[in-house]
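This report concerns only the one structure given below.
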Amino acid sequence: MVNGSRVCRSTVNAFGNRHRELASFTLRNRGLYSSATASTWRITPTDKITSSQTGQAAGRQLGGHVHYFFLSYARGDEDELVQRFFEDLSTEVRLLAGLPRHEIVGFLDRTIQVGERWPRQLSEALATCRSFLALMTPRYFQSRACGREWHAFADRTARYESVAGVDSSLLKPLMWVPTPPSKMHRAAENIQYYSDALGETYQRLGIRQLMRLHRHRDDYRSFTFELATQIVASVESHRLAEGNLVDNFGALPSAFHRNVAQLAESDQPDKPFLTHIIVAALPRSDMRAVRQELDVYGDQGLDWAPYRPPLLSPLVEYACAIAENHSLDFRLADLSELSARAVQAHRDNQIILLLVDAWVSKVADAQQVLASTDRDKAPITAVLIPKSRDDLETRRNWPDLSMACREIFGRLANDDELYRSPITSHVAFGETLPEVLEAARNRVHSVGTVRRRPDRHTSNQQARVDGPWMDPG
C-alpha cells in the first residue's frame, strides 16, 4: 500500500514537472520566460498547486481558485460559442501554467450554479481575477453590465499601473466579430486589441468566424494558444492587487454609459421633446403580497428585469441604451415621481414613457397614480407593458392583468401608436421602443403648445395702460 502511494505520487509529480517544462519552453521561445516565472509554481507532496513569494494566489480566491482571466461578453451574443471559447482557452492556460486539467483558471458567469447569487459571485471574480478579456461586439458597448465589469477591472489596473509605473496589458479587448471604430466606445480606442502574434485571420474575421469555419480550424488553435501564452506571461509578471468586493453590483458605474443615478438630472430639464422614462414597477418587498415569482424584482423599482433570463439587466438600463443609441434626451424616475414629471412634461412639450409591470395593476396605490395619465391635460404619454415568454406566472394571469391595465389607462389604452401590450421579448422591446418614441415626438409636434421665451430685454413688470385722464406729473 505504501509502495502504491509512492508510485502514484511519483507519477503525479512527473506529470506536473512535464507541464512545467512545456510552459517554460513556450515562454522562453517568446522571450517571456524568467527565473521568477520558473519558480512560481511547484507540485507539493500533497499533489496540490501552490504559489511562492510572487503572491499569485495569496489572499482571497473565488472557490479556492486563482482566476487567470475573466471573460466578459454581451449576453445573447451566441452564448454557446462563447462557452466553447472559454473552455478551449482554459485548456491552453492550464497547459502553459502547468496546472491539473480540472483546475479552474477562468471565470465566465454562465458557470455559476443554479441558486447561487450571481452578482455576489461576479463581484468576487472581478475583485480577484488576474486579467480581463472583453469580447467586443457592437452590443458589448451597449451593455451596462459589460460596462460595469470593464470599469471594475480597469479601476484595479489603473491603480496598479500608477504605482508600478508600467503598462500591464492585463485588460485585453478581443474582437468577437469585426467591430468598426465607430461602434467602439472611446474606453477601448487606446487599447491594442490585435497583434501580429494573434494572426492575420483573427484581425480580419474575429474569433467567431475562426470558430465557425472549418477551414480556419488551425488558425483558431494557433490563436487560442498564443492568447493563452500572453495571458500567462502577463499574469505571472504583474502582481495585481485584489479589489474591493461590491455588495451591489448594479450600483457600479458603467465605463460605457452615464451613471443611471445621474440620469435623473439633466442640464436642460425644460427642453422640448425631453423624454421622462418612468419605471412603473415596485420593489420586491412590495410585490410579495401580489405574486409568487419575485426573481425579476430588486431592492428598488428601477431594478425590475422582466426579461430575465435572457436579459439579466434591469429593463430601464436596456431602455436607456436604446435611447442613447438614438441620440434622445431623457431623464429617469420611478413611479413615485410620475405626477410631478407629468406636470413638467405637459408644461414644456415633453414626453412621458411608462415602462409598466402589469402586476402593479393589483396594487391600489399604484393604480391611483397611473390613472392620472387618463385626463384631459395629461402630457403625451406612451405605455409599454412587457409580458415575457419565460414568466409562466404572468402568462397564466395575463387575461386579468391585461384587462386591469386597460381599465387603469382608459382612453390611452385604445391608442395603438402609444399603447403597446404585450411585448413578449427583449428583442421585441428593442424594436418597439424607438417606434413609440418617434410616434410620441410626432404627436408633440401636432398638439404641443407653442411657447416662446421672453428675451433678456423684456420687462417682467405688470403692464399698465395710461390715458389722457392720468396726471402727467
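The way I read the labels, and the way they are meant: chains A, B, ... in the order of the C-alpha cells, residue 1 as the first residue of every chain, and ligand 1 as the first ligand shown, with later ones counted on from there.
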
>> Can you tell me which residues surround Tyr68 in chain A at a distance of at most 7 Å, considering only C-alpha atoms, apart from same-chain residues fewer than 4 positions away, and format the answer as a PyMOL selection string?
In response: chain A and resi 105-106+129-131+235

> Using only C-alpha atoms, which residues sit within 9 Å of Ile423 in chain A once same-chain residues fewer than 3 positions away are excluded, as number ranges by chain?
Replying inline: A: 384-388, 420, 426, 428-429, 432

Next, write the just-selected residues to a file, as a PDB file, in the first residue's frame, keeping all heavy atoms as the atom set.
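Below you can see out16.pdb, which holds the result:
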ATOM      1  N   LEU A 384     -45.519  51.037 -22.432  1.00  0.00           N
ATOM      2  CA  LEU A 384     -45.008  49.744 -22.886  1.00  0.00           C
ATOM      3  C   LEU A 384     -45.162  48.741 -21.744  1.00  0.00           C
ATOM      4  O   LEU A 384     -44.678  48.994 -20.632  1.00  0.00           O
ATOM      5  CB  LEU A 384     -43.540  49.846 -23.285  1.00  0.00           C
ATOM      6  CG  LEU A 384     -43.223  50.318 -24.716  1.00  0.00           C
ATOM      7  CD1 LEU A 384     -43.745  51.731 -24.966  1.00  0.00           C
ATOM      8  CD2 LEU A 384     -41.724  50.246 -24.998  1.00  0.00           C
ATOM      9  N   ILE A 385     -45.812  47.617 -22.022  1.00  0.00           N
ATOM     10  CA  ILE A 385     -46.083  46.618 -20.986  1.00  0.00           C
ATOM     11  C   ILE A 385     -45.477  45.277 -21.395  1.00  0.00           C
ATOM     12  O   ILE A 385     -45.997  44.597 -22.292  1.00  0.00           O
ATOM     13  CB  ILE A 385     -47.594  46.456 -20.734  1.00  0.00           C
ATOM     14  CG1 ILE A 385     -48.233  47.818 -20.458  1.00  0.00           C
ATOM     15  CG2 ILE A 385     -47.848  45.490 -19.576  1.00  0.00           C
ATOM     16  CD1 ILE A 385     -49.734  47.756 -20.202  1.00  0.00           C
ATOM     17  N   PRO A 386     -44.368  44.872 -20.781  1.00  0.00           N
ATOM     18  CA  PRO A 386     -43.748  43.581 -21.104  1.00  0.00           C
ATOM     19  C   PRO A 386     -44.573  42.395 -20.601  1.00  0.00           C
ATOM     20  O   PRO A 386     -45.276  42.481 -19.592  1.00  0.00           O
ATOM     21  CB  PRO A 386     -42.398  43.644 -20.376  1.00  0.00           C
ATOM     22  CG  PRO A 386     -42.160  45.098 -20.118  1.00  0.00           C
ATOM     23  CD  PRO A 386     -43.524  45.678 -19.892  1.00  0.00           C
ATOM     24  N   LYS A 387     -44.452  41.308 -21.327  1.00  0.00           N
ATOM     25  CA  LYS A 387     -45.019  40.023 -20.903  1.00  0.00           C
ATOM     26  C   LYS A 387     -44.038  38.964 -21.407  1.00  0.00           C
ATOM     27  O   LYS A 387     -44.140  38.484 -22.527  1.00  0.00           O
ATOM     28  CB  LYS A 387     -46.405  39.814 -21.504  1.00  0.00           C
ATOM     29  CG  LYS A 387     -46.987  38.412 -21.284  1.00  0.00           C
ATOM     30  CD  LYS A 387     -48.120  38.148 -22.263  1.00  0.00           C
ATOM     31  CE  LYS A 387     -48.507  36.690 -22.294  1.00  0.00           C
ATOM     32  NZ  LYS A 387     -49.455  36.383 -23.395  1.00  0.00           N
ATOM     33  N   SER A 388     -43.079  38.598 -20.573  1.00  0.00           N
ATOM     34  CA  SER A 388     -42.026  37.697 -21.001  1.00  0.00           C
ATOM     35  C   SER A 388     -42.548  36.283 -21.244  1.00  0.00           C
ATOM     36  O   SER A 388     -43.352  35.757 -20.463  1.00  0.00           O
ATOM     37  CB  SER A 388     -40.908  37.649 -19.954  1.00  0.00           C
ATOM     38  OG  SER A 388     -39.941  36.672 -20.281  1.00  0.00           O
ATOM     39  N   ARG A 420     -48.604  49.938 -26.127  1.00  0.00           N
ATOM     40  CA  ARG A 420     -48.141  48.662 -26.692  1.00  0.00           C
ATOM     41  C   ARG A 420     -48.137  47.586 -25.613  1.00  0.00           C
ATOM     42  O   ARG A 420     -47.408  47.669 -24.625  1.00  0.00           O
ATOM     43  CB  ARG A 420     -46.734  48.820 -27.264  1.00  0.00           C
ATOM     44  CG  ARG A 420     -46.613  49.898 -28.342  1.00  0.00           C
ATOM     45  CD  ARG A 420     -47.377  49.552 -29.596  1.00  0.00           C
ATOM     46  NE  ARG A 420     -47.188  50.557 -30.620  1.00  0.00           N
ATOM     47  CZ  ARG A 420     -46.268  50.493 -31.584  1.00  0.00           C
ATOM     48  NH1 ARG A 420     -45.428  49.463 -31.629  1.00  0.00           N
ATOM     49  NH2 ARG A 420     -46.174  51.440 -32.486  1.00  0.00           N
ATOM     50  N   HIS A 426     -37.283  40.780 -25.076  1.00  0.00           N
ATOM     51  CA  HIS A 426     -36.474  41.988 -25.060  1.00  0.00           C
ATOM     52  C   HIS A 426     -36.111  42.426 -26.473  1.00  0.00           C
ATOM     53  O   HIS A 426     -35.891  43.618 -26.724  1.00  0.00           O
ATOM     54  CB  HIS A 426     -35.203  41.776 -24.220  1.00  0.00           C
ATOM     55  CG  HIS A 426     -34.180  40.876 -24.836  1.00  0.00           C
ATOM     56  ND1 HIS A 426     -34.330  39.503 -24.888  1.00  0.00           N
ATOM     57  CD2 HIS A 426     -32.992  41.157 -25.444  1.00  0.00           C
ATOM     58  CE1 HIS A 426     -33.276  38.983 -25.492  1.00  0.00           C
ATOM     59  NE2 HIS A 426     -32.451  39.951 -25.831  1.00  0.00           N
ATOM     60  N   ALA A 428     -38.206  42.216 -29.068  1.00  0.00           N
ATOM     61  CA  ALA A 428     -39.392  42.968 -29.494  1.00  0.00           C
ATOM     62  C   ALA A 428     -39.440  44.330 -28.810  1.00  0.00           C
ATOM     63  O   ALA A 428     -39.827  45.334 -29.413  1.00  0.00           O
ATOM     64  CB  ALA A 428     -40.658  42.170 -29.188  1.00  0.00           C
ATOM     65  N   PHE A 429     -39.026  44.372 -27.547  1.00  0.00           N
ATOM     66  CA  PHE A 429     -38.997  45.645 -26.818  1.00  0.00           C
ATOM     67  C   PHE A 429     -38.020  46.614 -27.497  1.00  0.00           C
ATOM     68  O   PHE A 429     -38.322  47.795 -27.675  1.00  0.00           O
ATOM     69  CB  PHE A 429     -38.579  45.405 -25.370  1.00  0.00           C
ATOM     70  CG  PHE A 429     -38.535  46.648 -24.528  1.00  0.00           C
ATOM     71  CD1 PHE A 429     -39.644  47.043 -23.798  1.00  0.00           C
ATOM     72  CD2 PHE A 429     -37.384  47.425 -24.449  1.00  0.00           C
ATOM     73  CE1 PHE A 429     -39.614  48.196 -23.021  1.00  0.00           C
ATOM     74  CE2 PHE A 429     -37.332  48.569 -23.681  1.00  0.00           C
ATOM     75  CZ  PHE A 429     -38.458  48.959 -22.960  1.00  0.00           C
ATOM     76  N   THR A 432     -39.678  47.967 -30.535  1.00  0.00           N
ATOM     77  CA  THR A 432     -40.879  48.762 -30.292  1.00  0.00           C
ATOM     78  C   THR A 432     -40.574  50.139 -29.726  1.00  0.00           C
ATOM     79  O   THR A 432     -41.202  51.131 -30.095  1.00  0.00           O
ATOM     80  CB  THR A 432     -41.814  48.013 -29.319  1.00  0.00           C
ATOM     81  OG1 THR A 432     -42.151  46.741 -29.874  1.00  0.00           O
ATOM     82  CG2 THR A 432     -43.086  48.801 -29.055  1.00  0.00           C
TER      83      THR A 432
END

> Out of range 92-298 of chain A, which residues get strand (DSSP E or B) from DSSP, as a PyMOL selection string?
Replying inline: chain A and resi 106-107+132-136+171-175+275-280

> Which of range 53-214 of chain A counts as alpha helix (DSSP H) under DSSP, as a ChimeraX atom specification please?
Replying inline: /A:79-97,118-128,144-164,186-189,200-212

> Using only C-alpha atoms, which of the listed residues (A:Val343, A:Cys405, A:Ile231, A:Leu294) sits closest to Gln368 in chain A?
Replying inline: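 Nearest to Gln368 in chain A: A:Cys405.
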
Quick one: everything within 8 Å of Ala74 in chain A, counting only C-alpha atoms, minus sequence neighbours fewer than 5 positions away in the same chain. Send it as a PDB file with C-alpha atoms, in the first residue's frame.
ATOM      1  CA  LEU A 135     -15.257  40.087 -26.358  1.00  0.00           C
ATOM      2  CA  THR A 137     -19.199  43.374 -30.496  1.00  0.00           C
ATOM      3  CA  ARG A 139     -23.767  45.105 -28.487  1.00  0.00           C
ATOM      4  CA  TYR A 140     -20.943  44.809 -25.969  1.00  0.00           C
ATOM      5  CA  SER A 143     -24.471  46.708 -22.291  1.00  0.00           C
ATOM      6  CA  CYS A 146     -20.388  44.813 -19.528  1.00  0.00           C
TER       7      CYS A 146
END

Please identify all polymer residues within 9 Å of Ser169 in chain A, counting only C-alpha atoms, omitting same-chain residues fewer than 3 positions from it, and present them as a tab-separated table (two decimals) with N, CA and C atoms, in the first residue's frame.
chain	number	residue	atom	x	y	z
A	131	SER	N	-6.55	38.91	-15.02
A	131	SER	CA	-6.62	39.64	-16.29
A	131	SER	C	-8.08	39.66	-16.75
A	157	THR	N	-6.54	47.94	-12.46
A	157	THR	CA	-5.30	48.03	-13.24
A	157	THR	C	-4.74	49.46	-13.23
A	172	LYS	N	-7.56	43.16	-21.87
A	172	LYS	CA	-7.35	42.79	-23.26
A	172	LYS	C	-8.67	42.76	-24.02
A	191	ILE	N	-6.59	51.09	-26.52
A	191	ILE	CA	-6.07	49.80	-26.07
A	191	ILE	C	-5.88	48.90	-27.29
A	192	GLN	N	-4.69	48.34	-27.42
A	192	GLN	CA	-4.39	47.48	-28.56
A	192	GLN	C	-5.20	46.20	-28.45
A	234	SER	N	1.57	37.70	-18.86
A	234	SER	CA	1.17	38.96	-18.22
A	234	SER	C	0.82	38.76	-16.75

>> Measuring between only C-alpha atoms, which one of A:Leu198, A:Ala440, A:Val296, A:Ala158 shows the shortest distance to Leu274 in chain A?
In response: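 Of A:Leu198, A:Ala440, A:Val296, A:Ala158, the one nearest Leu274 in chain A, counting only C-alpha atoms, is A:Ala440.
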
> Any idea what's packed within 10 Å of range 360-366 of chain A, counting only C-alpha atoms, ignoring anything in its chain fewer than 4 positions away? Could you give it as a ChimeraX atom specification?
Replying inline: /A:280-282,286-287,289-291,335-336,356,370-371,400-408
